[in-house]
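Worksheet: one structure, shown below.
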Protein chains: 2
Amino acid sequence: MTGERGGGTWELLLPAVAAPPRRRGRMLQSALRDAVRSGRLAAGTRLPSSRELAADLGVSRGLVTEAYEQLTAEGYLRSGRGAGTWVGDAVRQATPATRDLAPRAVGAGVDFRPGSPDLSLFPRTAWAAAHKAVLSRLPHLALGYPDPRGLPELRTALAALLTRRRGVVADPERLVVCSGVAQAMTLLGFVLGARGLRALGVEDPGAPEPTALFASAGLRTVPLPLDAEGLAVGPLTASGLRVVVTTPAHQFPSGIAYSARRRAELLGWARAVDGYLIEDDYDGDFRYDRSPVGALQGLDPERVVYTGSVSKSLAPGLRLGWMLVPESLAGEVVERKRTMDLGNPSLDQAVLAHFVTSGGYDRQLRRCGRAYRERRDALIDALEEHFPGTEVSGIAAGLHVIARVPGRYAAGGVLVKRAAAAGVTLRPLADYGTATATGPDDGDVRLVLGYAHLTPSDIARGVGLLAGA
Amino acid sequence: MTGERGGGTWELLLPAVAAPPRRRGRMLQSALRDAVRSGRLAAGTRLPSSRELAADLGVSRGLVTEAYEQLTAEGYLRSGRGAGTWVGDAVRQATPATRDLAPRAVGAGVDFRPGSPDLSLFPRTAWAAAHKAVLSRLPHLALGYPDPRGLPELRTALAALLTRRRGVVADPERLVVCSGVAQAMTLLGFVLGARGLRALGVEDPGAPEPTALFASAGLRTVPLPLDAEGLAVGPLTASGLRVVVTTPAHQFPSGIAYSARRRAELLGWARAVDGYLIEDDYDGDFRYDRSPVGALQGLDPERVVYTGSVSKSLAPGLRLGWMLVPESLAGEVVERKRTMDLGNPSLDQAVLAHFVTSGGYDRQLRRCGRAYRERRDALIDALEEHFPGTEVSGIAAGLHVIARVPGRYAAGGVLVKRAAAAGVTLRPLADYGTATATGPDDGDVRLVLGYAHLTPSDIARGVGLLAGA
């Protein structure tokens, strides 16, 4: 079909005009557009007159005229002076894309990598009820462009929640709702970068995510060593840095809680260098054997940026988190949030506010806490049974532990490989930091074992598989 | 209460211990923390022994010991060697914040500023039903960390929708879900900035938002003039720029649709300079008197970045939009989206996917289209009645018109001021561009009148008030 007129050559348009009358015009336009795009109608091809094509296709002439006009307006066709319609030469095809929309296969193995809560604990019924309640009473205005700081009612609810549960100083005016801790880091990266900061400290060992997030804002991260009380002050002071990311309530991944002395020393450091501590309270909600250690931010809200989210307590897919921002950074953080996305979706915020104020959030935390504690116990029991002599630390809180498996079972690399062959995914502590930070070369294997997303029976099965391997 | 021991001085803690037994410990800790923070317990103050305080307050000694331990662990208190507990010196107070949580007062005036849809048209019942349906069948995995490109089922649904409604080439693999058109601009700003771009063109007159959004990525915007067919090619070519933001289906604010010839010329320009056209299809869903003009992107998906959102069709508060990204930019856009927020909330995406595939979105567009057409007609009628001689343009589509009010009614500045005094908010065209772009100095007043968010009776009342002023 390259330029011939009349008859059978236009039959590729017949399926379109076989559509019900209401959709016929649109289908004809689509079919013509596709034919031009695909090259079946090449640039310069002269189209039959609308009268001829209408007769060929057995449709009204108006339908064809309209299609020609529409596609001419859009630039697919061009009309000559007086008469005639040709295929235009503006069209180009898309480069084909690789296909990878298929969901990832989920095997029957056991994955001990940390980071995910149990998604099956998401309170679907209560969440749907909160959504319904909110939609029935939300003022229309709340569906408009959001406040980049967050919905006032959510900020008020979260401020009360965090004050009560985490011992922070939470003024709703300093609380910024954001898309999880990841966005909090990115926002801070841009704000601090705009002030000339070029690098900031992270814990070693520590979570890998901040490095990529701050890099997106042009900032380098410098790993800084821990000691038994938390981030070591000497190396921090010597680094000349002015900002450092910390996990004082339950250091990730080591599991230690910063000592009171270290907390005071770090605040002293921040004041001395006119800097900031970024406090990632990533799992502050889960503490099993005593009250959670209050957040560092409570001691000095002008030197600590506090950040947390519902990713562990509800679901990461909600993308809802918060920051408590010092006065000195608040305006810039909000402005950056505005340009990044104008603010978080307001309906989601209203649902979370309702969920918090109605007590649903506290119930969810208790429910998760019970489940995770049981899983932690299952993991410790299974390790004791199958790997006696293994030392487990960081067990008082959170969603993971550190297991130091005696070297007599297997060398580190060998263990991880054999585990993988048996369907068990493990992450060695060495993945989270530099060699000096992740343990001496004593032959023992240090693993970061996440348990929250696994049922007690999966945990037992996984450790059993590991022992078999 | 500054250091004295014993008796009545600790009575500020009494309300806390009057709490029900289950909450008593936590309340005592809170009250102590607050007392330290507020300075009522100054640094260095020695606290009574746990035995003494327990006796004073009439509570168990364990409760006090636990509170002391907890606050010591957090750094509010410190324990001396052997005995004694003092208030620590780490605590600093927050700088007080300005209070502005109160919702903005909504007057009885009429606001003709464009940009907002009618939020009362949001389909609350259908949306709640979609949310419920989705929550009852969503796999757990979909609540985990999202795909930064968007939920596969939403990308597939949107690709089909946009192909059908907007004539784009929409491969789900090239569709990136984002937080509205604003985030699309910011994402593109960072991606293009990382490639060395320093400036890009915007339409003059045009929407003011892109300038701030691109500035956040370090890019400058250069206003480029329009002519009757769209963005003028001469000045664009002379500018030496390689990227330009356009609204070809319904230019904002002038209301013209780019001609077919201009579309082809602009694509030719983009190919010649190896550049991109960013197509903001901000109100492509609303066209009243003929089929919508297909998107420019359909003609060359490798030179046009297409972007749109549900902000006009559903609600800006949902923060849901999309981009169709050329192969040459796709990887970088997705990576930038990942570091900005890890991806849009997955539950919202699943709800929109359900809403689109179930036909709810098409119904909503028809409903809004009917309502907006009626409002446009009401506005035109009211202007004809009260301001005969006014020329109204850009009426074929969208949510606003341009009204050229003859100078005999009032000079521009006077009209806007008198309107404000009468409770009518107006935005002159001059607000959207440079003086040369927004009309000759002929004494006529050019206004951009948004009507979508106003009922027909509000519109009539507003124009009436204006005539009275």
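Residues are referred to by chain and number: the chain letter is A, B, ... according to the order shown in the structure tokens, the number counts from 1 in that chain, and ligands are numbered separately from 1 in the order shown.
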
Exercise for the section: Would you list, as a PyMOL selection string, the residues of segment 315-455 of chain B that end up in helix (DSSP H, G or I) under DSSP run on this structure's backbone? Expected result: chain B and resi 316-318+327-341+346-357+360-386+412-421+429-432

Preceding selection exported with C-alpha atoms as a compact mmCIF listing (two decimals), in the first residue's frame:
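New file part.txt:
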# COMPACT_ATOMS: atom_id res chain seq x y z
CA PRO B 316 -4.65 18.06 42.06
CA GLY B 317 -4.48 16.63 45.60
CA LEU B 318 -3.99 13.13 44.19
CA GLU B 327 14.37 6.23 24.81
CA SER B 328 17.32 8.61 25.01
CA LEU B 329 16.13 10.06 28.33
CA ALA B 330 14.22 7.16 29.89
CA GLY B 331 16.96 5.61 32.01
CA GLU B 332 18.03 8.92 33.51
CA VAL B 333 14.46 10.04 34.23
CA VAL B 334 13.69 6.80 36.08
CA GLU B 335 16.92 6.98 38.05
CA ARG B 336 16.13 10.55 39.05
CA LYS B 337 12.59 9.57 40.00
CA ARG B 338 14.07 6.84 42.19
CA THR B 339 16.27 9.21 44.16
CA MET B 340 13.53 11.81 44.43
CA ASP B 341 10.96 9.59 46.16
CA SER B 346 1.44 2.15 44.92
CA LEU B 347 -2.04 1.97 46.39
CA ASP B 348 -3.05 5.23 44.71
CA GLN B 349 -1.65 3.93 41.45
CA ALA B 350 -3.60 0.71 41.74
CA VAL B 351 -6.79 2.67 42.42
CA LEU B 352 -6.27 4.85 39.37
CA ALA B 353 -5.50 1.79 37.23
CA HIS B 354 -8.76 0.22 38.37
CA PHE B 355 -10.62 3.47 37.77
CA VAL B 356 -9.26 3.75 34.22
CA THR B 357 -9.78 0.13 33.18
CA GLY B 360 -14.73 5.27 35.56
CA TYR B 361 -12.17 7.69 34.18
CA ASP B 362 -13.97 8.09 30.86
CA ARG B 363 -17.23 8.68 32.70
CA GLN B 364 -15.54 11.32 34.85
CA LEU B 365 -14.16 13.09 31.79
CA ARG B 366 -17.59 13.17 30.17
CA ARG B 367 -19.13 14.48 33.38
CA CYS B 368 -16.52 17.23 33.78
CA GLY B 369 -16.70 18.07 30.07
CA ARG B 370 -20.44 18.67 30.28
CA ALA B 371 -20.09 20.77 33.42
CA TYR B 372 -17.22 22.86 32.09
CA ARG B 373 -18.88 23.47 28.76
CA GLU B 374 -21.95 24.77 30.56
CA ARG B 375 -19.78 27.08 32.67
CA ARG B 376 -17.90 28.36 29.65
CA ASP B 377 -21.24 29.18 28.02
CA ALA B 378 -22.41 30.91 31.20
CA LEU B 379 -19.27 33.02 31.22
CA ILE B 380 -19.58 34.00 27.58
CA ASP B 381 -23.25 34.87 28.04
CA ALA B 382 -22.55 36.97 31.13
CA LEU B 383 -19.75 38.85 29.37
CA GLU B 384 -22.01 39.52 26.38
CA GLU B 385 -24.71 40.82 28.68
CA HIS B 386 -22.59 43.03 30.92
CA GLY B 412 -6.61 47.49 33.11
CA GLY B 413 -5.16 48.31 36.51
CA VAL B 414 -8.29 50.18 37.54
CA LEU B 415 -10.56 47.30 36.52
CA VAL B 416 -8.57 44.72 38.48
CA LYS B 417 -8.47 46.96 41.56
CA ARG B 418 -12.16 47.86 41.46
CA ALA B 419 -12.99 44.19 40.91
CA ALA B 420 -10.97 43.24 43.98
CA ALA B 421 -12.83 45.85 46.02
CA LEU B 429 -2.99 38.37 30.75
CA ALA B 430 -0.02 40.61 31.45
CA ASP B 431 0.70 38.45 34.50
CA TYR B 432 1.61 35.57 32.21

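Around Ala129 of chain B, within 12 Å and counting only C-alpha atoms, the residues found are Ala128, Ala129, His131, Lys132 and Leu135 of chain A; Pro123, Arg124, Thr125, Ala133, Val134, Leu135, Ser136, Val351, Leu352, His354, Phe355, Ser358 and Gly360 of chain B, once anything fewer than 4 positions away on its own chain is removed.
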
Handout entry: All strand (DSSP E) positions in segment 172-352 of chain B, as a PyMOL selection string
Key = chain B and resi 175-178+199-204+220-227+230-231+243-246+276-280+304-309+321-324

Practice task
For each of A:Thr246, A:Thr85, A:Gln29, A:Thr438, take the minimum atom-to-atom distance to chain B, counting only C-alpha atoms, then give the residue where this is smallest.
Solution key: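 Of the candidates, the smallest distance to chain B is held by A:Gln29.
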
Using only C-alpha atoms, which protein or nucleic acid residues come within 12 Å of Ser38 of chain A? Drop anything in the same chain fewer than 4 positions from it, and give the result as a compact mmCIF listing (two decimals) with all heavy atoms, in the first residue's frame.
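Resulting contents of result_15.txt:
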# COMPACT_ATOMS: atom_id res chain seq x y z
N SER A 30 -7.73 6.62 14.41
CA SER A 30 -6.65 5.82 15.01
C SER A 30 -5.97 4.96 13.97
O SER A 30 -4.74 4.85 13.93
CB SER A 30 -7.22 4.88 16.08
OG SER A 30 -7.35 5.54 17.28
N ALA A 31 -6.79 4.31 13.14
CA ALA A 31 -6.23 3.39 12.15
C ALA A 31 -5.37 4.16 11.15
O ALA A 31 -4.28 3.71 10.76
CB ALA A 31 -7.36 2.65 11.43
N LEU A 32 -5.82 5.34 10.74
CA LEU A 32 -5.05 6.15 9.81
C LEU A 32 -3.73 6.60 10.46
O LEU A 32 -2.66 6.56 9.85
CB LEU A 32 -5.84 7.39 9.39
CG LEU A 32 -6.67 7.28 8.11
CD1 LEU A 32 -7.54 8.51 7.94
CD2 LEU A 32 -5.75 7.11 6.89
N ARG A 33 -3.83 7.04 11.71
CA ARG A 33 -2.65 7.49 12.45
C ARG A 33 -1.62 6.36 12.54
O ARG A 33 -0.44 6.55 12.30
CB ARG A 33 -3.09 7.93 13.85
CG ARG A 33 -2.42 9.17 14.34
CD ARG A 33 -2.82 9.45 15.78
NE ARG A 33 -3.81 10.49 15.95
CZ ARG A 33 -5.01 10.29 16.50
NH1 ARG A 33 -5.39 9.09 16.91
NH2 ARG A 33 -5.84 11.29 16.64
N ASP A 34 -2.13 5.18 12.90
CA ASP A 34 -1.24 4.03 13.03
C ASP A 34 -0.58 3.69 11.69
O ASP A 34 0.59 3.32 11.65
CB ASP A 34 -2.01 2.80 13.53
CG ASP A 34 -2.33 2.93 15.01
OD1 ASP A 34 -1.73 3.81 15.68
OD2 ASP A 34 -3.17 2.15 15.50
N ALA A 42 3.45 5.74 3.60
CA ALA A 42 4.72 6.47 3.62
C ALA A 42 4.50 7.97 3.38
O ALA A 42 3.49 8.38 2.80
CB ALA A 42 5.64 5.91 2.55
N ALA A 43 5.45 8.77 3.84
CA ALA A 43 5.41 10.21 3.60
C ALA A 43 5.27 10.46 2.11
O ALA A 43 5.92 9.81 1.29
CB ALA A 43 6.68 10.86 4.14
N TYR A 76 -0.21 14.76 10.87
CA TYR A 76 0.06 13.47 10.22
C TYR A 76 -0.15 13.57 8.71
O TYR A 76 0.55 12.93 7.94
CB TYR A 76 -0.85 12.37 10.78
CG TYR A 76 -0.54 12.02 12.20
CD1 TYR A 76 -1.09 12.73 13.25
CD2 TYR A 76 0.35 10.99 12.50
CE1 TYR A 76 -0.78 12.42 14.56
CE2 TYR A 76 0.67 10.67 13.81
CZ TYR A 76 0.09 11.40 14.84
OH TYR A 76 0.41 11.10 16.13
N VAL A 91 6.31 12.67 10.78
CA VAL A 91 6.23 11.53 11.70
C VAL A 91 7.54 10.75 11.83
O VAL A 91 8.23 10.51 10.85
CB VAL A 91 5.11 10.57 11.25
CG1 VAL A 91 5.15 9.28 12.05
CG2 VAL A 91 3.76 11.24 11.41
N ARG A 92 7.88 10.41 13.03
CA ARG A 92 9.00 9.49 13.30
C ARG A 92 8.53 8.42 14.26
O ARG A 92 7.70 8.68 15.13
CB ARG A 92 10.18 10.22 13.95
CG ARG A 92 10.87 11.23 13.07
CD ARG A 92 11.56 10.61 11.87
NE ARG A 92 12.26 11.65 11.11
CZ ARG A 92 11.67 12.51 10.27
NH1 ARG A 92 10.36 12.45 10.08
NH2 ARG A 92 12.36 13.42 9.63
N GLN A 93 9.10 7.25 14.14
CA GLN A 93 8.71 6.16 15.03
C GLN A 93 9.48 6.20 16.34
O GLN A 93 10.58 6.76 16.41
CB GLN A 93 8.94 4.82 14.35
CG GLN A 93 7.90 4.54 13.29
CD GLN A 93 8.15 3.19 12.66
OE1 GLN A 93 8.65 3.11 11.55
NE2 GLN A 93 7.81 2.13 13.38
N ALA A 94 8.93 5.54 17.32
CA ALA A 94 9.62 5.39 18.61
C ALA A 94 10.66 4.29 18.50
O ALA A 94 10.50 3.34 17.75
CB ALA A 94 8.62 5.03 19.70
N VAL B 169 1.99 8.06 21.12
CA VAL B 169 2.61 6.74 21.04
C VAL B 169 2.99 6.39 22.47
O VAL B 169 3.91 6.97 23.03
CB VAL B 169 3.87 6.76 20.16
CG1 VAL B 169 4.56 5.40 20.20
CG2 VAL B 169 3.51 7.14 18.74
N GLY B 298 2.71 12.19 19.40
CA GLY B 298 2.41 11.10 18.47
C GLY B 298 3.21 11.18 17.19
O GLY B 298 3.46 10.17 16.54
N LEU B 299 3.63 12.37 16.82
CA LEU B 299 4.36 12.54 15.56
C LEU B 299 5.83 12.14 15.68
O LEU B 299 6.45 11.76 14.70
CB LEU B 299 4.29 14.00 15.10
CG LEU B 299 2.91 14.48 14.67
CD1 LEU B 299 2.91 16.00 14.54
CD2 LEU B 299 2.51 13.84 13.34
N ASP B 300 6.39 12.28 16.87
CA ASP B 300 7.80 11.91 17.02
C ASP B 300 8.13 11.65 18.49
O ASP B 300 8.61 12.53 19.22
CB ASP B 300 8.72 13.00 16.46
CG ASP B 300 10.16 12.50 16.35
OD1 ASP B 300 10.48 11.45 16.98
OD2 ASP B 300 10.96 13.14 15.65

Exercise for the section: Return the single residue from A:Val244, A:Val110, A:Val448, A:Leu121 that is closest to chain B, with distances computed using only C-alpha atoms. Expected result: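 The answer is A:Leu121, which sits nearest to chain B.
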
Handout entry: Nearby residues (only C-alpha atoms) at most 12 Å from Ala73 of chain B, same-chain spacing under 6 positions excluded, as a ChimeraX atom specification
Key = /A:229,248-249,257-264,290-296,299 /B:29,66-67,79,88

Store the residues picked out above, limited to N, CA, C and O atoms, as a JSON list (two decimals), in the first residue's frame.
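And here's out.json as it stands now:
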[["chain", "number", "residue", "atom", "x", "y", "z"],
["A", 229, "GLU", "N", 29.73, 2.72, 71.76],
["A", 229, "GLU", "CA", 28.70, 3.66, 72.23],
["A", 229, "GLU", "C", 27.97, 4.38, 71.11],
["A", 229, "GLU", "O", 27.07, 5.19, 71.37],
["A", 248, "PRO", "N", 20.61, 6.62, 65.96],
["A", 248, "PRO", "CA", 20.98, 6.48, 67.37],
["A", 248, "PRO", "C", 20.10, 5.54, 68.19],
["A", 248, "PRO", "O", 20.58, 4.94, 69.14],
["A", 249, "ALA", "N", 18.83, 5.38, 67.82],
["A", 249, "ALA", "CA", 17.95, 4.56, 68.65],
["A", 249, "ALA", "C", 18.27, 3.08, 68.48],
["A", 249, "ALA", "O", 18.13, 2.29, 69.41],
["A", 257, "ALA", "N", 22.33, 0.81, 70.66],
["A", 257, "ALA", "CA", 21.71, 2.11, 70.92],
["A", 257, "ALA", "C", 22.83, 3.05, 71.36],
["A", 257, "ALA", "O", 23.67, 2.67, 72.19],
["A", 258, "TYR", "N", 22.87, 4.24, 70.80],
["A", 258, "TYR", "CA", 23.89, 5.20, 71.22],
["A", 258, "TYR", "C", 23.78, 5.45, 72.73],
["A", 258, "TYR", "O", 22.67, 5.59, 73.25],
["A", 259, "SER", "N", 24.91, 5.53, 73.40],
["A", 259, "SER", "CA", 24.89, 5.82, 74.84],
["A", 259, "SER", "C", 24.50, 7.28, 75.08],
["A", 259, "SER", "O", 24.61, 8.13, 74.19],
["A", 260, "ALA", "N", 24.06, 7.55, 76.32],
["A", 260, "ALA", "CA", 23.69, 8.92, 76.68],
["A", 260, "ALA", "C", 24.90, 9.84, 76.52],
["A", 260, "ALA", "O", 24.79, 10.97, 76.05],
["A", 261, "ARG", "N", 26.07, 9.34, 76.94],
["A", 261, "ARG", "CA", 27.27, 10.17, 76.82],
["A", 261, "ARG", "C", 27.54, 10.52, 75.36],
["A", 261, "ARG", "O", 27.82, 11.67, 75.01],
["A", 262, "ARG", "N", 27.42, 9.51, 74.50],
["A", 262, "ARG", "CA", 27.69, 9.76, 73.08],
["A", 262, "ARG", "C", 26.69, 10.73, 72.48],
["A", 262, "ARG", "O", 27.05, 11.59, 71.67],
["A", 263, "ARG", "N", 25.45, 10.59, 72.90],
["A", 263, "ARG", "CA", 24.43, 11.53, 72.42],
["A", 263, "ARG", "C", 24.84, 12.97, 72.77],
["A", 263, "ARG", "O", 24.79, 13.86, 71.91],
["A", 264, "ALA", "N", 25.24, 13.17, 74.01],
["A", 264, "ALA", "CA", 25.63, 14.52, 74.43],
["A", 264, "ALA", "C", 26.86, 14.99, 73.67],
["A", 264, "ALA", "O", 26.96, 16.14, 73.24],
["A", 290, "ARG", "N", 12.21, -3.32, 76.43],
["A", 290, "ARG", "CA", 12.10, -2.16, 77.30],
["A", 290, "ARG", "C", 11.45, -1.04, 76.48],
["A", 290, "ARG", "O", 11.19, -1.21, 75.29],
["A", 291, "SER", "N", 11.22, 0.12, 77.11],
["A", 291, "SER", "CA", 10.66, 1.22, 76.35],
["A", 291, "SER", "C", 11.65, 1.63, 75.27],
["A", 291, "SER", "O", 12.85, 1.52, 75.45],
["A", 292, "PRO", "N", 11.16, 2.10, 74.14],
["A", 292, "PRO", "CA", 12.08, 2.56, 73.12],
["A", 292, "PRO", "C", 12.92, 3.72, 73.66],
["A", 292, "PRO", "O", 12.45, 4.51, 74.47],
["A", 293, "VAL", "N", 14.16, 3.78, 73.24],
["A", 293, "VAL", "CA", 14.99, 4.92, 73.59],
["A", 293, "VAL", "C", 14.46, 6.14, 72.84],
["A", 293, "VAL", "O", 14.23, 6.08, 71.64],
["A", 294, "GLY", "N", 14.23, 7.23, 73.58],
["A", 294, "GLY", "CA", 13.71, 8.43, 72.94],
["A", 294, "GLY", "C", 14.66, 8.94, 71.87],
["A", 294, "GLY", "O", 15.86, 8.67, 71.87],
["A", 295, "ALA", "N", 14.10, 9.68, 70.94],
["A", 295, "ALA", "CA", 14.91, 10.17, 69.83],
["A", 295, "ALA", "C", 15.90, 11.24, 70.30],
["A", 295, "ALA", "O", 15.63, 12.00, 71.23],
["A", 296, "LEU", "N", 17.04, 11.26, 69.64],
["A", 296, "LEU", "CA", 18.06, 12.27, 69.89],
["A", 296, "LEU", "C", 17.51, 13.68, 69.68],
["A", 296, "LEU", "O", 17.88, 14.62, 70.38],
["A", 299, "LEU", "N", 16.54, 16.20, 72.41],
["A", 299, "LEU", "CA", 17.54, 16.92, 73.21],
["A", 299, "LEU", "C", 17.93, 18.26, 72.60],
["A", 299, "LEU", "O", 18.33, 19.17, 73.31],
["B", 29, "GLN", "N", 7.59, 9.83, 82.56],
["B", 29, "GLN", "CA", 8.77, 10.12, 81.73],
["B", 29, "GLN", "C", 8.54, 11.38, 80.89],
["B", 29, "GLN", "O", 9.43, 12.23, 80.77],
["B", 66, "GLU", "N", 12.69, 3.41, 86.66],
["B", 66, "GLU", "CA", 12.59, 3.20, 85.21],
["B", 66, "GLU", "C", 12.62, 4.53, 84.46],
["B", 66, "GLU", "O", 13.28, 4.67, 83.42],
["B", 67, "ALA", "N", 11.91, 5.52, 85.01],
["B", 67, "ALA", "CA", 11.90, 6.84, 84.36],
["B", 67, "ALA", "C", 13.30, 7.45, 84.36],
["B", 67, "ALA", "O", 13.76, 8.00, 83.36],
["B", 79, "SER", "N", 23.72, 10.16, 85.56],
["B", 79, "SER", "CA", 23.88, 9.54, 86.88],
["B", 79, "SER", "C", 25.32, 9.70, 87.30],
["B", 79, "SER", "O", 26.24, 9.50, 86.50],
["B", 88, "GLY", "N", 20.97, 16.73, 82.94],
["B", 88, "GLY", "CA", 22.12, 16.87, 82.03],
["B", 88, "GLY", "C", 22.15, 18.23, 81.37],
["B", 88, "GLY", "O", 21.23, 19.05, 81.53]]

Fill in the blank from the handout: If you count only C-alpha atoms, the residue of A:Asp442, A:Asp227, A:Asp281, A:Glu74 closest to chain B turns out to be A:Glu74

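Here atom CA of Ala83 of chain B is placed at a distance of 16.4 Å from atom CA of Gln70 of chain B.
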
Problem - Residue nearest chain B - candidates A:Gly193, A:Gly80, A:Pro345, A:Gly201, atoms counted: only C-alpha atoms - result: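 The closest residue to chain B is A:Pro345.
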
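Relative to atom CA of Arg166 of chain A, atom CA of Gly398 of chain A is found at 14.3 Å.
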
Problem - 12 Å contact set for Trp10 of chain B, only C-alpha atoms, chain neighbours under 6 positions out, as a list in words - result: Met1, Thr2, Gly3, Glu4, Ala16, Val17, Leu28, Ala31, Leu32, Ala35, Arg40, Leu41, Leu47, Pro48, Glu52, Leu53, Ala54, Ala55, Asp56, Leu57 and Gly58 of chain B
